[in-house]
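For reference, upload-v5.cif (mmCIF, C-alpha atoms):
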```cif
data_work
loop_
_atom_site.label_atom_id
_atom_site.label_comp_id
_atom_site.auth_asym_id
_atom_site.auth_seq_id
_atom_site.Cartn_x
_atom_site.Cartn_y
_atom_site.Cartn_z
CA MET B 281 -114.88 -45.65 86.06
CA LYS B 282 -112.30 -46.13 83.29
CA ALA B 283 -108.68 -45.01 83.77
CA ALA B 284 -105.21 -45.49 82.26
CA VAL B 285 -103.16 -46.89 85.13
CA TRP B 286 -99.35 -47.19 85.28
CA TYR B 287 -98.09 -50.44 86.79
CA GLY B 288 -94.51 -50.42 85.56
CA LYS B 289 -92.21 -50.01 82.57
CA TYR B 290 -94.23 -50.49 79.35
CA ASP B 291 -97.19 -51.55 81.50
CA VAL B 292 -100.03 -49.03 81.22
CA ARG B 293 -103.51 -50.54 81.41
CA VAL B 294 -106.84 -48.97 80.53
CA GLU B 295 -109.06 -50.60 83.12
CA SER B 296 -112.07 -50.22 85.37
CA THR B 297 -111.21 -48.71 88.74
CA HIS B 298 -113.05 -47.15 91.67
CA GLU B 299 -114.57 -43.74 91.00
CA PRO B 300 -113.16 -41.28 93.57
CA VAL B 301 -115.42 -39.81 96.23
CA VAL B 302 -115.35 -36.09 96.94
CA GLU B 303 -114.05 -35.10 100.38
CA PRO B 304 -114.48 -31.92 102.45
CA GLY B 305 -112.33 -29.14 101.04
CA LYS B 306 -111.96 -30.84 97.66
CA VAL B 307 -113.64 -30.79 94.25
CA LYS B 308 -114.64 -33.59 91.88
CA VAL B 309 -114.01 -33.02 88.18
CA LYS B 310 -115.36 -34.96 85.21
CA VAL B 311 -112.34 -35.04 82.88
CA GLU B 312 -113.17 -34.25 79.25
CA TRP B 313 -109.84 -33.76 77.48
CA ALA B 314 -106.28 -34.67 78.46
CA GLY B 315 -102.94 -34.28 76.68
CA ILE B 316 -100.15 -36.83 76.44
CA CYS B 317 -96.92 -35.23 77.60
CA GLY B 318 -93.29 -36.16 77.16
CA SER B 319 -93.30 -36.92 80.89
CA ASP B 320 -96.01 -39.51 80.27
CA LEU B 321 -93.75 -41.03 77.63
CA HIS B 322 -90.86 -41.10 80.14
CA ALA B 323 -93.25 -42.80 82.57
CA TYR B 324 -94.11 -45.38 79.92
CA HIS B 325 -90.38 -46.08 79.69
CA GLY B 326 -90.30 -46.56 83.46
CA ALA B 327 -89.09 -43.17 84.76
CA GLY B 328 -90.60 -40.43 86.87
CA VAL B 329 -93.50 -42.24 88.55
CA GLN B 330 -93.79 -42.42 92.34
CA GLN B 331 -92.68 -45.95 93.22
CA ASN B 332 -91.86 -48.01 96.32
CA GLU B 333 -92.91 -45.36 98.85
CA PRO B 334 -95.77 -42.83 99.02
CA HIS B 335 -95.19 -39.24 97.96
CA PRO B 336 -94.72 -37.10 101.10
CA VAL B 337 -97.55 -34.71 100.17
CA SER B 338 -100.04 -36.81 98.19
CA GLY B 339 -99.49 -40.00 100.17
CA GLU B 340 -99.89 -42.00 96.94
CA MET B 341 -97.64 -44.33 94.97
CA ALA B 342 -97.84 -46.68 91.98
CA PRO B 343 -99.97 -48.14 90.57
CA LEU B 344 -101.13 -44.64 89.60
CA THR B 345 -103.37 -43.11 86.95
CA LEU B 346 -101.25 -41.07 84.53
CA GLY B 347 -102.12 -37.66 83.07
CA HIS B 348 -101.30 -34.15 84.23
CA GLU B 349 -102.50 -31.99 81.29
CA PHE B 350 -106.28 -31.97 81.47
CA ALA B 351 -109.51 -30.02 81.69
CA GLY B 352 -113.07 -30.86 82.62
CA VAL B 353 -116.28 -29.88 84.36
CA ILE B 354 -116.93 -29.80 88.11
CA THR B 355 -119.56 -32.35 89.15
CA GLU B 356 -119.33 -32.15 92.96
CA VAL B 357 -118.03 -29.61 95.46
CA GLY B 358 -116.90 -30.74 98.89
CA GLU B 359 -117.92 -29.10 102.14
CA GLY B 360 -116.06 -25.85 102.79
CA VAL B 361 -115.30 -25.03 99.14
CA SER B 362 -116.76 -21.67 98.16
CA ASP B 363 -114.91 -20.54 95.02
CA PHE B 364 -116.33 -23.18 92.66
CA VAL B 365 -119.75 -24.54 91.80
CA VAL B 366 -121.06 -27.55 89.91
CA GLY B 367 -120.84 -26.88 86.19
CA ASP B 368 -117.70 -24.74 86.27
CA ARG B 369 -115.33 -25.56 83.40
CA VAL B 370 -111.77 -25.77 84.65
CA ALA B 371 -108.17 -26.36 83.60
CA ILE B 372 -106.01 -28.17 86.13
CA GLU B 373 -102.67 -26.94 87.47
CA PRO B 374 -101.19 -30.28 88.54
CA LEU B 375 -98.32 -29.25 90.80
CA ILE B 376 -98.20 -30.88 94.24
CA TYR B 377 -96.41 -28.93 96.96
CA CYS B 378 -96.23 -28.81 100.74
CA GLY B 379 -97.16 -25.15 101.32
CA GLU B 380 -94.83 -25.01 104.32
CA CYS B 381 -91.21 -24.86 103.09
CA GLU B 382 -89.40 -21.58 102.45
CA TYR B 383 -90.04 -21.78 98.70
CA CYS B 384 -93.77 -22.33 99.12
CA LYS B 385 -93.92 -19.42 101.56
CA GLU B 386 -92.30 -17.23 98.88
CA ASN B 387 -94.98 -18.48 96.43
CA HIS B 388 -92.24 -20.21 94.45
CA TYR B 389 -94.12 -23.46 94.92
CA ASN B 390 -92.59 -25.03 91.81
CA LYS B 391 -89.34 -25.15 93.82
CA CYS B 392 -90.98 -26.90 96.78
CA ASN B 393 -88.74 -29.42 98.52
CA SER B 394 -91.48 -32.01 97.97
CA VAL B 395 -92.68 -30.89 94.53
CA GLY B 396 -94.57 -33.43 92.45
CA PHE B 397 -97.25 -33.74 89.80
CA ILE B 398 -100.74 -35.11 89.65
CA GLY B 399 -100.43 -38.04 87.24
CA LEU B 400 -96.89 -38.93 88.33
CA ASN B 401 -96.93 -38.62 92.11
CA ALA B 402 -100.69 -38.94 92.60
CA ASN B 403 -103.61 -40.23 90.54
CA GLY B 404 -104.08 -38.07 87.45
CA GLY B 405 -106.30 -37.07 84.59
CA PHE B 406 -106.34 -40.09 82.28
CA ALA B 407 -109.50 -41.05 84.13
CA GLU B 408 -113.18 -40.22 83.83
CA TYR B 409 -113.20 -38.50 87.23
CA VAL B 410 -110.62 -37.04 89.59
CA VAL B 411 -110.84 -35.35 93.01
CA LEU B 412 -108.57 -32.34 93.47
CA MET B 413 -107.70 -29.47 95.78
CA PRO B 414 -109.37 -26.18 94.74
CA ASN B 415 -106.01 -24.42 94.34
CA MET B 416 -105.33 -26.70 91.36
CA LEU B 417 -108.39 -25.46 89.46
CA HIS B 418 -108.63 -22.49 87.11
CA LYS B 419 -111.96 -21.45 85.60
CA LEU B 420 -112.18 -21.29 81.83
CA PRO B 421 -114.07 -18.44 80.14
CA GLU B 422 -116.59 -19.24 77.41
CA LYS B 423 -114.07 -18.35 74.71
CA VAL B 424 -111.74 -21.16 75.80
CA SER B 425 -112.81 -24.70 74.90
CA LEU B 426 -112.10 -27.72 77.08
CA GLU B 427 -109.70 -28.94 74.40
CA GLU B 428 -107.76 -25.69 74.74
CA GLY B 429 -108.06 -26.05 78.50
CA ALA B 430 -106.07 -29.28 78.29
CA LEU B 431 -103.29 -27.28 76.58
CA VAL B 432 -102.98 -24.65 79.31
CA GLU B 433 -100.46 -26.69 81.31
CA PRO B 434 -97.81 -27.18 78.60
CA THR B 435 -98.35 -23.60 77.42
CA ALA B 436 -97.61 -22.46 80.97
CA VAL B 437 -94.23 -24.21 80.79
CA ALA B 438 -93.29 -22.24 77.67
CA LEU B 439 -94.69 -18.90 78.78
CA HIS B 440 -93.01 -19.13 82.18
CA ALA B 441 -89.64 -19.75 80.50
CA VAL B 442 -90.11 -16.79 78.15
CA LYS B 443 -91.18 -14.50 81.00
CA GLN B 444 -88.25 -15.59 83.18
CA SER B 445 -85.79 -15.01 80.34
CA LYS B 446 -84.28 -11.65 79.42
CA LEU B 447 -86.25 -11.40 76.18
CA LYS B 448 -87.24 -7.84 75.21
CA VAL B 449 -89.47 -6.56 72.45
CA GLY B 450 -87.53 -6.62 69.18
CA ASP B 451 -85.03 -9.28 70.27
CA LYS B 452 -83.90 -12.22 68.16
CA VAL B 453 -84.27 -15.72 69.55
CA ALA B 454 -83.51 -19.33 68.66
CA VAL B 455 -85.46 -22.37 69.83
CA PHE B 456 -83.53 -25.64 69.83
CA GLY B 457 -85.93 -28.57 69.66
CA VAL B 458 -89.41 -27.89 68.33
CA GLY B 459 -91.47 -30.65 69.82
CA LEU B 460 -94.54 -29.49 71.70
CA ILE B 461 -92.75 -27.29 74.25
CA GLY B 462 -90.49 -25.80 71.59
CA LEU B 463 -93.50 -24.95 69.42
CA LEU B 464 -95.27 -23.30 72.34
CA THR B 465 -92.05 -21.42 73.18
CA ILE B 466 -92.02 -20.01 69.65
CA MET B 467 -95.60 -18.83 70.12
CA ALA B 468 -94.83 -17.32 73.53
CA ALA B 469 -91.67 -15.58 72.29
CA LYS B 470 -93.58 -14.12 69.34
CA ALA B 471 -96.30 -12.88 71.70
CA ALA B 472 -93.60 -11.29 73.88
CA GLY B 473 -92.25 -9.29 70.93
CA ALA B 474 -89.44 -11.39 69.42
CA THR B 475 -88.71 -10.47 65.80
CA ASP B 476 -86.47 -13.08 64.19
CA ILE B 477 -87.26 -16.56 65.56
CA PHE B 478 -84.96 -19.42 64.52
CA ALA B 479 -86.37 -22.95 64.91
CA VAL B 480 -83.82 -25.79 64.98
CA ASP B 481 -84.83 -29.46 64.71
CA MET B 482 -84.00 -32.65 62.83
CA SER B 483 -87.63 -33.30 61.87
CA PRO B 484 -88.89 -31.66 58.64
CA GLU B 485 -92.47 -32.12 59.87
CA ARG B 486 -91.75 -30.31 63.11
CA LEU B 487 -90.01 -27.50 61.25
CA LEU B 488 -93.08 -27.02 59.06
CA LYS B 489 -95.20 -26.81 62.20
CA ALA B 490 -92.70 -24.34 63.70
CA GLN B 491 -93.11 -22.10 60.66
CA GLU B 492 -96.88 -22.35 61.03
CA VAL B 493 -96.81 -21.15 64.64
CA GLY B 494 -94.45 -18.21 64.07
CA ALA B 495 -90.85 -19.18 63.34
CA THR B 496 -89.25 -16.86 60.78
CA HIS B 497 -86.35 -19.21 59.99
CA THR B 498 -86.22 -23.02 60.14
CA ILE B 499 -82.97 -24.95 60.29
CA ASN B 500 -82.38 -28.68 60.01
CA PRO B 501 -78.92 -29.41 61.46
CA ALA B 502 -78.77 -32.59 59.38
CA GLU B 503 -78.68 -30.40 56.29
CA GLU B 504 -76.72 -27.31 57.38
CA ASN B 505 -74.62 -26.00 60.24
CA ALA B 506 -77.20 -24.52 62.58
CA VAL B 507 -74.77 -22.31 64.50
CA GLU B 508 -73.18 -20.82 61.38
CA THR B 509 -76.59 -20.14 59.83
CA ILE B 510 -77.92 -18.44 62.97
CA LEU B 511 -74.79 -16.31 63.41
CA LYS B 512 -74.93 -15.21 59.78
CA LEU B 513 -78.66 -14.46 59.57
CA SER B 514 -78.83 -12.80 62.99
CA ASN B 515 -75.76 -10.64 62.35
CA GLY B 516 -73.67 -12.10 65.18
CA GLY B 517 -75.97 -14.12 67.36
CA VAL B 518 -79.40 -14.14 68.99
CA ASP B 519 -80.31 -12.44 72.24
CA VAL B 520 -81.86 -15.55 73.78
CA ALA B 521 -81.55 -19.22 72.86
CA TYR B 522 -84.17 -21.55 74.35
CA GLU B 523 -83.01 -25.15 74.81
CA ALA B 524 -86.05 -27.42 74.53
CA ALA B 525 -84.48 -30.61 73.20
CA GLY B 526 -82.78 -31.89 76.34
CA VAL B 527 -79.46 -33.12 74.91
CA GLU B 528 -75.88 -31.98 75.33
CA ILE B 529 -75.23 -31.04 71.71
CA THR B 530 -78.20 -28.67 71.52
CA LEU B 531 -77.13 -26.97 74.74
CA GLY B 532 -73.69 -26.44 73.22
CA ASN B 533 -75.15 -25.12 69.99
CA ALA B 534 -77.44 -22.79 71.92
CA LEU B 535 -74.41 -21.33 73.71
CA SER B 536 -72.55 -20.91 70.41
CA SER B 537 -75.57 -19.19 68.84
CA VAL B 538 -76.07 -16.36 71.34
CA LYS B 539 -74.36 -13.03 70.99
CA LYS B 540 -72.11 -11.53 73.66
CA GLY B 541 -74.19 -10.79 76.72
CA GLY B 542 -76.86 -13.21 75.52
CA GLU B 543 -78.76 -15.83 77.45
CA ILE B 544 -79.32 -19.57 77.16
CA MET B 545 -82.62 -20.55 78.78
CA VAL B 546 -82.95 -24.27 79.49
CA LEU B 547 -86.56 -25.41 79.79
CA SER B 548 -86.04 -29.06 78.91
CA ILE B 549 -85.22 -31.83 81.36
CA ILE B 550 -81.64 -33.05 80.81
CA PRO B 551 -81.38 -36.16 83.01
CA GLU B 552 -77.62 -36.71 82.78
CA PRO B 553 -74.68 -34.35 83.50
CA VAL B 554 -73.44 -32.51 80.42
CA LYS B 555 -70.28 -30.67 79.42
CA VAL B 556 -70.51 -26.88 79.03
CA ASP B 557 -67.92 -24.70 77.28
CA ILE B 558 -67.38 -22.34 80.19
CA LEU B 559 -64.56 -20.52 78.39
CA GLN B 560 -66.95 -19.54 75.59
CA LEU B 561 -69.58 -18.58 78.16
CA THR B 562 -67.04 -16.40 79.95
CA PHE B 563 -65.72 -14.64 76.86
CA LYS B 564 -69.27 -13.93 75.75
CA GLU B 565 -70.20 -12.85 79.28
CA ALA B 566 -73.39 -14.81 78.60
CA ASN B 567 -75.77 -16.49 81.02
CA ILE B 568 -77.20 -19.99 81.30
CA THR B 569 -80.37 -20.21 83.33
CA SER B 570 -83.29 -22.61 83.63
CA THR B 571 -86.91 -22.97 84.63
CA LEU B 572 -88.89 -25.77 86.21
CA ALA B 573 -92.54 -26.00 85.16
CA TYR B 574 -94.32 -22.75 86.14
CA ARG B 575 -95.86 -20.80 88.97
CA SER B 576 -98.72 -18.30 89.26
CA ILE B 577 -99.15 -18.08 85.48
CA PHE B 578 -102.25 -20.13 84.58
CA PRO B 579 -104.65 -17.12 84.62
CA GLU B 580 -102.34 -15.27 82.22
CA VAL B 581 -102.10 -18.27 79.90
CA ILE B 582 -105.88 -18.66 79.86
CA ALA B 583 -106.34 -14.95 79.11
CA LEU B 584 -103.86 -15.12 76.21
CA ILE B 585 -105.66 -18.13 74.75
CA ALA B 586 -109.05 -16.44 75.18
CA SER B 587 -107.83 -13.31 73.40
CA GLY B 588 -106.45 -15.27 70.48
CA VAL B 589 -102.88 -14.17 71.08
CA LEU B 590 -101.89 -17.80 71.65
CA ASP B 591 -103.67 -20.07 69.18
CA VAL B 592 -102.71 -23.29 70.94
CA LYS B 593 -104.99 -25.44 68.76
CA LYS B 594 -102.26 -25.30 66.12
CA VAL B 595 -100.05 -27.71 68.08
CA VAL B 596 -102.64 -30.52 68.17
CA THR B 597 -101.70 -33.25 65.69
CA LYS B 598 -104.01 -36.10 66.72
CA LYS B 599 -107.09 -36.85 68.83
CA ILE B 600 -107.81 -40.28 70.30
CA THR B 601 -110.02 -41.98 72.89
CA LEU B 602 -108.95 -43.24 76.30
CA ASP B 603 -109.07 -46.83 75.04
CA GLN B 604 -106.48 -45.92 72.38
CA ILE B 605 -104.03 -44.26 74.74
CA VAL B 606 -101.33 -46.96 74.64
CA GLU B 607 -101.28 -48.01 70.97
CA ASP B 608 -102.32 -44.73 69.31
CA GLY B 609 -100.96 -42.42 71.99
CA LEU B 610 -97.86 -43.43 73.95
CA LYS B 611 -96.43 -45.82 71.36
CA LEU B 612 -97.17 -43.46 68.47
CA LEU B 613 -95.61 -40.48 70.25
CA ASP B 614 -92.56 -42.66 70.90
CA SER B 615 -92.11 -43.64 67.25
CA ASP B 616 -93.50 -40.74 65.21
CA LYS B 617 -91.45 -37.60 65.74
CA SER B 618 -93.84 -35.56 63.60
CA GLN B 619 -96.42 -35.69 66.42
CA ALA B 620 -96.65 -32.62 68.63
CA LYS B 621 -99.68 -32.85 70.91
CA ILE B 622 -101.95 -35.89 71.06
CA LEU B 623 -105.20 -35.13 72.88
CA VAL B 624 -107.27 -37.80 74.58
CA LYS B 625 -111.09 -37.59 74.67
CA VAL B 626 -111.61 -39.14 78.08
CA GLN B 627 -115.39 -39.45 78.18
CA GLN B 628 -116.85 -42.04 75.79
#
```

Written form, structure tokens:
Amino acid sequence: MKAAVWYGKYDVRVESTHEPVVEPGKVKVKVEWAGICGSDLHAYHGAGVQQNEPHPVSGEMAPLTLGHEFAGVITEVGEGVSDFVVGDRVAIEPLIYCGECEYCKENHYNKCNSVGFIGLNANGGFAEYVVLMPNMLHKLPEKVSLEEGALVEPTAVALHAVKQSKLKVGDKVAVFGVGLIGLLTIMAAKAAGATDIFAVDMSPERLLKAQEVGATHTINPAEENAVETILKLSNGGVDVAYEAAGVEITLGNALSSVKKGGEIMVLSIIPEPVKVDILQLTFKEANITSTLAYRSIFPEVIALIASGVLDVKKVVTKKITLDQIVEDGLKLLDSDKSQAKILVKVQQ
């Protein structure tokens, strides 16, 4: 079969590899659509992929097939699997976890001591076929296309952050960084009842897309002071500021933009230590919290997409084939900040 395999920094190869064989207790999926994530871009730059030693749960290491946002159709069901049949259309929840640590036993499996992702710590979905555990599969109703199924995973990141935050119906929010996750956070916050939604980003194209998906105010900090504008238009600050850019300055601006008693929800990955104005945090009696991925939320995401509440198709900016994944996918996403979600048609 054909797959996009990671060998090292800037070394992703679309090549012919062995088609996986279904095993007892597992399911084989024919991958139809897959999304390119920021994590895939980090992998392209050499970070985040299981290297040098096998992952403690998956037992796999590089070279690995990338891709953790994907959907497809079941083609084989291993012995002992009873919840799925051949022909089922499924979205994949790619978290890898041990099932034995205290966090897994609390069903907080995203906090597992050995947490990982299909596509980074095991072979993933940029391949024509993949064999998975049944607990990673979620059936898609007829109203949800396989393209939308490939968007369930990133939508789960945004919805989980909104649900874990203190957002209440009628609240005002700000979203700092409106790449894909920021755009989906706007959609999720609107669905949860936010009224005024401030979108902050340096890209005019992204701000236009933010307005399209539900932002009521768009702010380009290259053209105006984002904090001053938010404080003025929100009459003293927003209830919740979502940090989806992953840099120190946006975290600081998020803190400055919330009202007293407000909350800063960090759902980006900030790889380096950052400075936080604790004095301001204290005098506001505000909170900084964070989320990692998601847990137990895929069925809810799928239901919201099926009902039309979350029109995730709006975040798709380009569709390519598997053969194009490096030049027209990873490299383009790296250079063109107007791109939100690039979907890959895996089957030729």

Write out as an MDAnalysis selection string which residues come within 9 Å of Gln444 of chain B when counting all atoms listed in the file, dropping same-chain ones fewer than 3 positions away. chainID B and resid 439:441 447 545 570:571

Only C-alpha atoms, please: the residues just picked out, written as an mmCIF file, in the coordinates of the input.
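File written: result.cif
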```
data_model
loop_
_atom_site.group_PDB
_atom_site.id
_atom_site.type_symbol
_atom_site.label_atom_id
_atom_site.label_comp_id
_atom_site.auth_asym_id
_atom_site.auth_seq_id
_atom_site.Cartn_x
_atom_site.Cartn_y
_atom_site.Cartn_z
ATOM 1 C CA LEU B 439 -94.690 -18.900 78.780
ATOM 2 C CA HIS B 440 -93.010 -19.130 82.180
ATOM 3 C CA ALA B 441 -89.640 -19.750 80.500
ATOM 4 C CA LEU B 447 -86.250 -11.400 76.180
ATOM 5 C CA MET B 545 -82.620 -20.550 78.780
ATOM 6 C CA SER B 570 -83.290 -22.610 83.630
ATOM 7 C CA THR B 571 -86.910 -22.970 84.630
#
```

Neighbours of point (-89.4, -9.4, 75.6) within 10 Å, using only C-alpha atoms, written as number ranges by chain: B: 442-452, 468-475, 520

Residues at most 8 Å from segment 578-584 of chain B, counting all atoms listed in the file, excluding those fewer than 2 positions away in the same chain, as a list in words? Glu373, His418, Leu420, Val424, Gly429, Val432, Glu433, Thr435, Ala436, Leu439, Arg575, Ser576, Ala586, Ser587, Gly588, Val589 and Leu590 of chain B

For the structure provided, state which residues fall under the PyMOL selection byres ((chain B and resi 622) around 7), and present them as a list in words.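 Evaluating the PyMOL selection byres ((chain B and resi 622) around 7) on this file yields Gly315, Ile316, Val596, Thr597, Lys598, Lys599, Gly609, Ala620, Lys621, Leu623 and Val624 of chain B.
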
Looking at only C-alpha atoms, which of B:Val410, B:Ala524, B:Ile376, B:Val294 is the one that sits closest to Gly339 of chain B?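 Comparing B:Val410, B:Ala524, B:Ile376, B:Val294 against Gly339 of chain B, the winner is B:Ile376.
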
Would you kindly translate the PyMOL selection byres ((chain B and resi 391-401) around 10) into the concrete residues it picks from this file, as an MDAnalysis selection string? chainID B and resid 285:286 319:320 323 327:331 334:349 372:390 402:406 412 416 571:575

Length of the atom CA of Asp614 of chain B to atom CA of Phe456 of chain B vector [Å]: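 Interatomic distance, atom CA of Asp614 of chain B to atom CA of Phe456 of chain B: 19.3 Å.
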
Please provide as a ChimeraX atom specification all residues within 8 Å of Ala534 of chain B, with the sequence filter that same-chain residues fewer than 3 positions apart are discarded (counting all atoms listed in the file). /B:454,456,507,521-523,530-531,537-538,544

Would you work out the distance separating atom CA of Ile499 of chain B from atom CA of Phe478 of chain B, expressed in Å to one decimal?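 One can read the atom CA of Ile499 of chain B to atom CA of Phe478 of chain B distance as 7.2 Å.
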
Evaluated on this file, the PyMOL selection byres ((chain B and resi 514) around 10) picks out some residues - which ones are they, written as a VMD selection string? chain B and resid 452 to 454 476 to 478 508 to 513 515 to 519 537 to 539

Of B:Asn533, B:Val411, B:Asp481, B:Arg486, the one nearest to Glu503 of chain B when counting all atoms listed in the file is B:Asp481

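Of note, atom CA of Met413 of chain B and atom CA of Phe350 of chain B are spaced 14.6 Å apart.
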
Find, counting all atoms listed in the file, the residue in B:Glu485, B:Asp603, B:Glu528, B:Glu408 that gets nearest to Trp313 of chain B. B:Glu408

Protein, DNA and RNA residues within 12 Å of (-86.4, -31.6, 68.0), all atoms listed in the file, as number ranges by chain: B: 455-463, 479-487, 489-490, 498-502, 523-527, 529-530, 548, 616-620

Counting all atoms listed in the file, which of B:Gly532, B:Gly494, B:Pro421, B:Gly326 gets nearest to Val370 of chain B?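 Of the candidates, the smallest distance to Val370 of chain B is held by B:Pro421.
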
Contacts of segment 355-360 of chain B within 8 Å, all atoms listed in the file, excl. fewer than 5 positions in-chain, as a PDB file with C-alpha atoms, in the frame of the given file:
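Output below, filename result07.pdb:
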```pdb
ATOM      1  CA  VAL B 302    -115.350 -36.090  96.940  1.00  0.00           C
ATOM      2  CA  GLU B 303    -114.050 -35.100 100.380  1.00  0.00           C
ATOM      3  CA  PRO B 304    -114.480 -31.920 102.450  1.00  0.00           C
ATOM      4  CA  GLY B 305    -112.330 -29.140 101.040  1.00  0.00           C
ATOM      5  CA  LYS B 306    -111.960 -30.840  97.660  1.00  0.00           C
ATOM      6  CA  VAL B 307    -113.640 -30.790  94.250  1.00  0.00           C
ATOM      7  CA  LYS B 308    -114.640 -33.590  91.880  1.00  0.00           C
ATOM      8  CA  VAL B 309    -114.010 -33.020  88.180  1.00  0.00           C
ATOM      9  CA  LYS B 310    -115.360 -34.960  85.210  1.00  0.00           C
ATOM     10  CA  VAL B 365    -119.750 -24.540  91.800  1.00  0.00           C
ATOM     11  CA  VAL B 366    -121.060 -27.550  89.910  1.00  0.00           C
ATOM     12  CA  GLY B 367    -120.840 -26.880  86.190  1.00  0.00           C
TER      13      GLY B 367
END
```

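Proximity ranking of B:Leu535, B:Leu464, B:Ala351, B:Cys317 relative to Ala430 of chain B places B:Ala351 first, based on all atoms listed in the file.
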